[in-house]
$ cat query26.pdb   # PDB, C-alpha atoms and all ligand atoms
ATOM      1  CA  MET A 594      -0.687 -10.800 -14.504  1.00  0.00           C
ATOM      2  CA  GLY A 595       1.768  -8.067 -15.498  1.00  0.00           C
ATOM      3  CA  LYS A 596       2.958  -5.348 -13.205  1.00  0.00           C
ATOM      4  CA  PRO A 597       1.028  -2.085 -12.970  1.00  0.00           C
ATOM      5  CA  LYS A 598       2.894   0.998 -14.133  1.00  0.00           C
ATOM      6  CA  ILE A 599       2.998   3.508 -11.284  1.00  0.00           C
ATOM      7  CA  GLY A 600       4.017   7.149 -11.501  1.00  0.00           C
ATOM      8  CA  ILE A 601       6.210   8.368  -8.678  1.00  0.00           C
ATOM      9  CA  SER A 602       7.740  11.691  -7.752  1.00  0.00           C
ATOM     10  CA  SER A 603      11.348  11.235  -8.881  1.00  0.00           C
ATOM     11  CA  CYS A 604      12.850  12.380  -5.578  1.00  0.00           C
ATOM     12  CA  LEU A 605      11.183   9.422  -3.807  1.00  0.00           C
ATOM     13  CA  LEU A 606      13.199   7.063  -6.011  1.00  0.00           C
ATOM     14  CA  GLY A 607      16.402   8.759  -4.887  1.00  0.00           C
ATOM     15  CA  GLN A 608      16.935  11.019  -7.868  1.00  0.00           C
ATOM     16  CA  PRO A 609      18.710  14.246  -6.739  1.00  0.00           C
ATOM     17  CA  VAL A 610      16.108  16.613  -8.170  1.00  0.00           C
ATOM     18  CA  ARG A 611      14.920  18.536  -5.129  1.00  0.00           C
ATOM     19  CA  TYR A 612      15.334  22.299  -4.876  1.00  0.00           C
ATOM     20  CA  ASP A 613      18.367  21.823  -2.609  1.00  0.00           C
ATOM     21  CA  GLY A 614      19.988  19.222  -4.868  1.00  0.00           C
ATOM     22  CA  GLY A 615      18.988  16.368  -2.597  1.00  0.00           C
ATOM     23  CA  HIS A 616      16.434  13.587  -2.760  1.00  0.00           C
ATOM     24  CA  ARG A 617      13.873  11.942  -0.500  1.00  0.00           C
ATOM     25  CA  LYS A 618      14.453   8.294  -1.300  1.00  0.00           C
ATOM     26  CA  ASP A 619      11.824   6.242   0.515  1.00  0.00           C
ATOM     27  CA  GLN A 620      13.542   2.947   1.208  1.00  0.00           C
ATOM     28  CA  HIS A 621      10.514   1.394   2.910  1.00  0.00           C
ATOM     29  CA  LEU A 622       8.304   2.162  -0.060  1.00  0.00           C
ATOM     30  CA  LEU A 623      10.821   0.934  -2.614  1.00  0.00           C
ATOM     31  CA  GLU A 624      11.408  -2.318  -0.746  1.00  0.00           C
ATOM     32  CA  LYS A 625       7.685  -2.992  -0.370  1.00  0.00           C
ATOM     33  CA  LEU A 626       6.617  -2.126  -3.910  1.00  0.00           C
ATOM     34  CA  GLY A 627       9.746  -2.336  -6.020  1.00  0.00           C
ATOM     35  CA  SER A 628       9.177  -5.929  -7.164  1.00  0.00           C
ATOM     36  CA  LEU A 629       5.427  -5.472  -7.701  1.00  0.00           C
ATOM     37  CA  VAL A 630       5.263  -2.467 -10.027  1.00  0.00           C
ATOM     38  CA  LEU A 631       6.974  -0.702 -12.910  1.00  0.00           C
ATOM     39  CA  TRP A 632       8.032   2.798 -11.921  1.00  0.00           C
ATOM     40  CA  GLN A 633       7.501   5.884 -14.058  1.00  0.00           C
ATOM     41  CA  PRO A 634       9.431   8.668 -12.348  1.00  0.00           C
ATOM     42  CA  VAL A 635       8.241  12.234 -12.926  1.00  0.00           C
ATOM     43  CA  CYS A 636       9.696  15.470 -11.537  1.00  0.00           C
ATOM     44  CA  PRO A 637       7.550  18.373 -12.731  1.00  0.00           C
ATOM     45  CA  GLU A 638       9.920  21.085 -11.544  1.00  0.00           C
ATOM     46  CA  THR A 639      13.068  19.822 -13.255  1.00  0.00           C
ATOM     47  CA  GLU A 640      11.310  18.402 -16.317  1.00  0.00           C
ATOM     48  CA  CYS A 641       9.651  21.757 -17.003  1.00  0.00           C
ATOM     49  CA  GLY A 642      13.092  23.333 -17.229  1.00  0.00           C
ATOM     50  CA  LEU A 643      13.961  24.620 -13.758  1.00  0.00           C
ATOM     51  CA  PRO A 644      17.568  24.070 -12.577  1.00  0.00           C
ATOM     52  CA  THR A 645      18.781  22.044  -9.607  1.00  0.00           C
ATOM     53  CA  PRO A 646      19.465  23.490  -7.119  1.00  0.00           C
ATOM     54  CA  ARG A 647      16.767  26.165  -7.343  1.00  0.00           C
ATOM     55  CA  GLU A 648      14.862  28.542  -5.157  1.00  0.00           C
ATOM     56  CA  PRO A 649      12.180  26.788  -3.059  1.00  0.00           C
ATOM     57  CA  MET A 650       8.640  27.566  -4.156  1.00  0.00           C
ATOM     58  CA  ARG A 651       5.209  27.897  -2.622  1.00  0.00           C
ATOM     59  CA  LEU A 652       1.623  28.060  -3.766  1.00  0.00           C
ATOM     60  CA  GLU A 653      -0.043  31.462  -3.700  1.00  0.00           C
ATOM     61  CA  GLN A 654      -3.737  32.149  -4.091  1.00  0.00           C
ATOM     62  CA  GLY A 655      -4.466  35.758  -4.933  1.00  0.00           C
ATOM     63  CA  VAL A 656      -7.171  36.979  -7.246  1.00  0.00           C
ATOM     64  CA  GLY A 657      -7.568  34.438 -10.032  1.00  0.00           C
ATOM     65  CA  LEU A 658      -5.598  31.255 -10.636  1.00  0.00           C
ATOM     66  CA  LEU A 659      -3.480  29.476  -8.070  1.00  0.00           C
ATOM     67  CA  ARG A 660       0.155  30.368  -8.729  1.00  0.00           C
ATOM     68  CA  ILE A 661       3.491  28.736  -7.871  1.00  0.00           C
ATOM     69  CA  LYS A 662       6.227  31.229  -7.028  1.00  0.00           C
ATOM     70  CA  GLY A 663       9.746  31.441  -5.659  1.00  0.00           C
ATOM     71  CA  ILE A 664       9.484  32.088  -1.929  1.00  0.00           C
ATOM     72  CA  ASP A 665      12.051  34.915  -1.771  1.00  0.00           C
ATOM     73  CA  SER A 666      12.097  36.329  -5.296  1.00  0.00           C
ATOM     74  CA  GLY A 667       8.394  35.992  -6.049  1.00  0.00           C
ATOM     75  CA  THR A 668       9.312  34.696  -9.507  1.00  0.00           C
ATOM     76  CA  ASP A 669       6.178  33.182 -10.990  1.00  0.00           C
ATOM     77  CA  HIS A 670       6.760  29.711 -12.491  1.00  0.00           C
ATOM     78  CA  THR A 671       3.088  28.903 -13.057  1.00  0.00           C
ATOM     79  CA  ASP A 672       3.008  29.363 -16.820  1.00  0.00           C
ATOM     80  CA  MET A 673       6.158  27.282 -17.397  1.00  0.00           C
ATOM     81  CA  LEU A 674       4.962  24.444 -15.180  1.00  0.00           C
ATOM     82  CA  SER A 675       1.448  24.519 -16.646  1.00  0.00           C
ATOM     83  CA  ALA A 676       2.689  24.457 -20.241  1.00  0.00           C
ATOM     84  CA  TRP A 677       4.944  21.476 -19.487  1.00  0.00           C
ATOM     85  CA  THR A 678       2.101  19.686 -17.697  1.00  0.00           C
ATOM     86  CA  GLU A 679      -0.245  20.152 -20.626  1.00  0.00           C
ATOM     87  CA  ALA A 680       2.314  18.669 -23.003  1.00  0.00           C
ATOM     88  CA  ARG A 681       3.434  15.835 -20.690  1.00  0.00           C
ATOM     89  CA  ILE A 682       0.209  14.606 -19.181  1.00  0.00           C
ATOM     90  CA  SER A 683      -1.101  12.765 -22.239  1.00  0.00           C
ATOM     91  CA  GLY A 684       1.948  10.524 -22.058  1.00  0.00           C
ATOM     92  CA  LEU A 685       0.906   9.355 -18.594  1.00  0.00           C
ATOM     93  CA  GLU A 686      -2.402   7.787 -19.541  1.00  0.00           C
ATOM     94  CA  ASP A 687      -1.022   4.256 -19.107  1.00  0.00           C
ATOM     95  CA  LEU A 688      -0.365   4.794 -15.404  1.00  0.00           C
ATOM     96  CA  CYS A 689      -2.386   2.715 -12.929  1.00  0.00           C
ATOM     97  CA  GLY A 690      -1.514   4.876  -9.942  1.00  0.00           C
ATOM     98  CA  PHE A 691       0.707   7.716  -8.776  1.00  0.00           C
ATOM     99  CA  ILE A 692       2.704   8.092  -5.566  1.00  0.00           C
ATOM    100  CA  PHE A 693       3.339  11.764  -4.982  1.00  0.00           C
ATOM    101  CA  LYS A 694       5.703  13.578  -2.607  1.00  0.00           C
ATOM    102  CA  ALA A 695       3.787  14.830   0.400  1.00  0.00           C
ATOM    103  CA  ARG A 696       3.426  18.592   0.895  1.00  0.00           C
ATOM    104  CA  SER A 697       5.209  19.571  -2.335  1.00  0.00           C
ATOM    105  CA  PRO A 698       3.742  22.660  -4.057  1.00  0.00           C
ATOM    106  CA  SER A 699       4.072  20.745  -7.331  1.00  0.00           C
ATOM    107  CA  CYS A 700       3.509  17.112  -6.380  1.00  0.00           C
ATOM    108  CA  ALA A 701       1.387  16.794  -3.240  1.00  0.00           C
ATOM    109  CA  PRO A 702      -2.006  15.153  -3.858  1.00  0.00           C
ATOM    110  CA  GLY A 703      -3.351  17.265  -0.999  1.00  0.00           C
ATOM    111  CA  GLY A 704      -2.075  19.048   2.069  1.00  0.00           C
ATOM    112  CA  ALA A 705       0.347  21.456   0.370  1.00  0.00           C
ATOM    113  CA  ASP A 706       0.350  24.862   2.068  1.00  0.00           C
ATOM    114  CA  ILE A 707      -1.353  27.677   0.161  1.00  0.00           C
ATOM    115  CA  PHE A 708      -0.483  31.282   1.039  1.00  0.00           C
ATOM    116  CA  ASP A 709      -1.935  34.643   0.141  1.00  0.00           C
ATOM    117  CA  ASN A 710       0.201  37.204  -1.684  1.00  0.00           C
ATOM    118  CA  ASP A 711       1.533  38.480   1.649  1.00  0.00           C
ATOM    119  CA  GLY A 712       2.789  35.056   2.681  1.00  0.00           C
ATOM    120  CA  VAL A 713       0.010  34.303   5.131  1.00  0.00           C
ATOM    121  CA  LEU A 714      -1.053  30.646   5.229  1.00  0.00           C
ATOM    122  CA  ILE A 715      -4.706  30.515   4.178  1.00  0.00           C
ATOM    123  CA  SER A 716      -5.407  26.883   3.260  1.00  0.00           C
ATOM    124  CA  THR A 717      -3.982  23.606   1.991  1.00  0.00           C
ATOM    125  CA  GLY A 718      -4.567  21.622  -1.176  1.00  0.00           C
ATOM    126  CA  PRO A 719      -2.927  19.668  -3.989  1.00  0.00           C
ATOM    127  CA  GLY A 720       0.223  20.835  -5.730  1.00  0.00           C
ATOM    128  CA  LEU A 721      -0.117  22.173  -9.257  1.00  0.00           C
ATOM    129  CA  PHE A 722       0.985  19.073 -11.168  1.00  0.00           C
ATOM    130  CA  ALA A 723      -0.894  16.645  -8.932  1.00  0.00           C
ATOM    131  CA  ARG A 724      -3.988  18.818  -9.292  1.00  0.00           C
ATOM    132  CA  ALA A 725      -3.810  18.576 -13.079  1.00  0.00           C
ATOM    133  CA  PHE A 726      -3.107  14.830 -12.974  1.00  0.00           C
ATOM    134  CA  MET A 727      -6.102  14.120 -10.734  1.00  0.00           C
ATOM    135  CA  LYS A 728      -8.365  16.249 -12.896  1.00  0.00           C
ATOM    136  CA  ARG A 729      -7.275  14.482 -16.071  1.00  0.00           C
ATOM    137  CA  PHE A 730      -7.302  10.954 -14.575  1.00  0.00           C
ATOM    138  CA  PRO A 731      -9.963  10.958 -11.828  1.00  0.00           C
ATOM    139  CA  ASP A 732     -10.134   7.139 -11.654  1.00  0.00           C
ATOM    140  CA  VAL A 733      -6.409   6.605 -11.139  1.00  0.00           C
ATOM    141  CA  PRO A 734      -5.511   6.057  -7.458  1.00  0.00           C
ATOM    142  CA  VAL A 735      -3.123   8.648  -6.037  1.00  0.00           C
ATOM    143  CA  ILE A 736      -1.478   8.845  -2.638  1.00  0.00           C
ATOM    144  CA  ASP A 737       1.541  10.410  -0.985  1.00  0.00           C
ATOM    145  CA  GLU A 738       4.438   8.448   0.471  1.00  0.00           C
ATOM    146  CA  GLU A 739       3.596   9.337   4.068  1.00  0.00           C
ATOM    147  CA  SER A 740       0.069   7.941   3.763  1.00  0.00           C
ATOM    148  CA  LEU A 741       1.482   4.732   2.306  1.00  0.00           C
ATOM    149  CA  HIS A 742       3.229   4.123   5.616  1.00  0.00           C
ATOM    150  CA  GLU A 743      -0.159   3.844   7.331  1.00  0.00           C
ATOM    151  CA  PRO A 744      -1.417   0.283   8.020  1.00  0.00           C
ATOM    152  CA  ASP A 745      -3.422  -1.164   5.089  1.00  0.00           C
ATOM    153  CA  GLU A 746      -2.826   1.815   2.795  1.00  0.00           C
ATOM    154  CA  LEU A 747      -0.100   0.152   0.778  1.00  0.00           C
ATOM    155  CA  GLY A 748      -2.195  -2.954   0.163  1.00  0.00           C
ATOM    156  CA  ASN A 749      -5.253  -0.893  -0.735  1.00  0.00           C
ATOM    157  CA  PHE A 750      -3.277   1.228  -3.156  1.00  0.00           C
ATOM    158  CA  ILE A 751      -1.711  -1.679  -5.023  1.00  0.00           C
ATOM    159  CA  ALA A 752      -5.075  -3.491  -5.204  1.00  0.00           C
ATOM    160  CA  ARG A 753      -6.726  -0.425  -6.762  1.00  0.00           C
ATOM    161  CA  ALA A 754      -3.848  -0.065  -9.209  1.00  0.00           C
ATOM    162  CA  ARG A 755      -4.154  -3.701 -10.271  1.00  0.00           C
ATOM    163  CA  ASN A 756      -7.905  -3.262 -10.757  1.00  0.00           C
ATOM    164  CA  LEU A 757      -7.200  -0.600 -13.357  1.00  0.00           C
ATOM    165  CA  MET A 758      -5.183  -3.110 -15.374  1.00  0.00           C
ATOM    166  CA  SER A 759      -8.107  -5.489 -15.813  1.00  0.00           C
TER     167      SER A 759
HETATM  168  S1  LIG A 801       8.783  18.567  -8.048  1.00  0.00           S
HETATM  169 FE1  LIG A 801       8.034  16.660  -7.150  1.00  0.00          FE
HETATM  170  S2  LIG A 801       9.472  15.090  -7.895  1.00  0.00           S
HETATM  171 FE2  LIG A 801      10.451  17.082  -8.213  1.00  0.00          FE
HETATM  172  S3  LIG A 801      11.682  17.383  -6.382  1.00  0.00           S
HETATM  173 FE3  LIG A 801       9.709  18.387  -6.018  1.00  0.00          FE
HETATM  174  S4  LIG A 801       8.480  16.836  -4.963  1.00  0.00           S
HETATM  175 FE4  LIG A 801      10.211  15.773  -5.890  1.00  0.00          FE
END

$ encode --input "query26.pdb" --output "structure tokens"
Amino acid sequence: MGKPKIGISSCLLGQPVRYDGGHRKDQHLLEKLGSLVLWQPVCPETECGLPTPREPMRLEQGVGLLRIKGIDSGTDHTDMLSAWTEARISGLEDLCGFIFKARSPSCAPGGADIFDNDGVLISTGPGLFARAFMKRFPDVPVIDEESLHEPDELGNFIARARNLMS
């Protein structure tokens, strides 16, 4: 059997793409899965054209669509990120799973903070790119790196990914 191709938030692989120029390399994850899968790194924020370093962002839910904005400037990056996602997502249809960065306003598969327009925390949910990915590929298993550290989760995830190959 070949190896399943797994999408992964690029910062988890150690790529220095985070807003502060750093990364969040997950050594445990890479050691456990590195020989079992083929990685497809994706960083929505840098691949859509934002610089590194950049202003940190947050999700805001006002009237209408969920937006992603710079925390201090209020600069709205939603249209740029959405346009990139629409163009990029078709190229990800061969993925058998996706490991997303927890709590990211772009990447989290759930649990990202959502604020109102005054900066008051009102709920949590998926980041914008993860939201689009899950909508487009509802049968593809997704998880964040923190959940993969839970007992059994890693084995369950890789088994579901392999099932998609057959
Ligand atoms: S957008 Fe995703 S991949 Fe890029 S730095 Fe943020 S969490 Fe990591």

$ residues_around --input "query26.pdb" --residues "stretch 728-742 of chain A" --least-positions-apart "6" --cutoff "7 Å" --atoms "all atoms listed in the file" --output "PyMOL selection string"
chain A and resi 689-695+701-702+750+753-754

$ residues_near_ligand --input "query26.pdb" --ligand "ligand LIG 801 (chain A)" --cutoff "6 Å" --atoms "all atoms listed in the file" --output "JSON, numbers by chain"
{"A": [602, 603, 604, 610, 611, 635, 636, 637, 638, 694, 697, 699, 700]}

$ write_last_selection --input "query26.pdb" --atoms "C-alpha atoms" --output "compact mmCIF listing (two decimals), in the frame of the given file"
# COMPACT_ATOMS: atom_id res chain seq x y z
CA SER A 602 7.74 11.69 -7.75
CA SER A 603 11.35 11.24 -8.88
CA CYS A 604 12.85 12.38 -5.58
CA VAL A 610 16.11 16.61 -8.17
CA ARG A 611 14.92 18.54 -5.13
CA VAL A 635 8.24 12.23 -12.93
CA CYS A 636 9.70 15.47 -11.54
CA PRO A 637 7.55 18.37 -12.73
CA GLU A 638 9.92 21.08 -11.54
CA LYS A 694 5.70 13.58 -2.61
CA SER A 697 5.21 19.57 -2.34
CA SER A 699 4.07 20.74 -7.33
CA CYS A 700 3.51 17.11 -6.38

$ resolve_selection --input "query26.pdb" --expression "the PyMOL selection byres (((chain A and resi 710) around 7) and not hetatm)" --output "PyMOL selection string"
chain A and resi 653-655+708-709+711-712

$ closest_residue --input "query26.pdb" --among "A:Gly600, A:Gly667, A:Arg651, A:Pro719" --to "A:Gly684" --atoms "all atoms listed in the file"
A:Gly600

$ resolve_selection --input "query26.pdb" --expression "the PyMOL selection byres (((chain A and resi 659-666) around 9) and not hetatm)" --output "VMD selection string"
chain A and resid 647 to 658 667 to 672 674 698 to 699 707 712 720 to 721
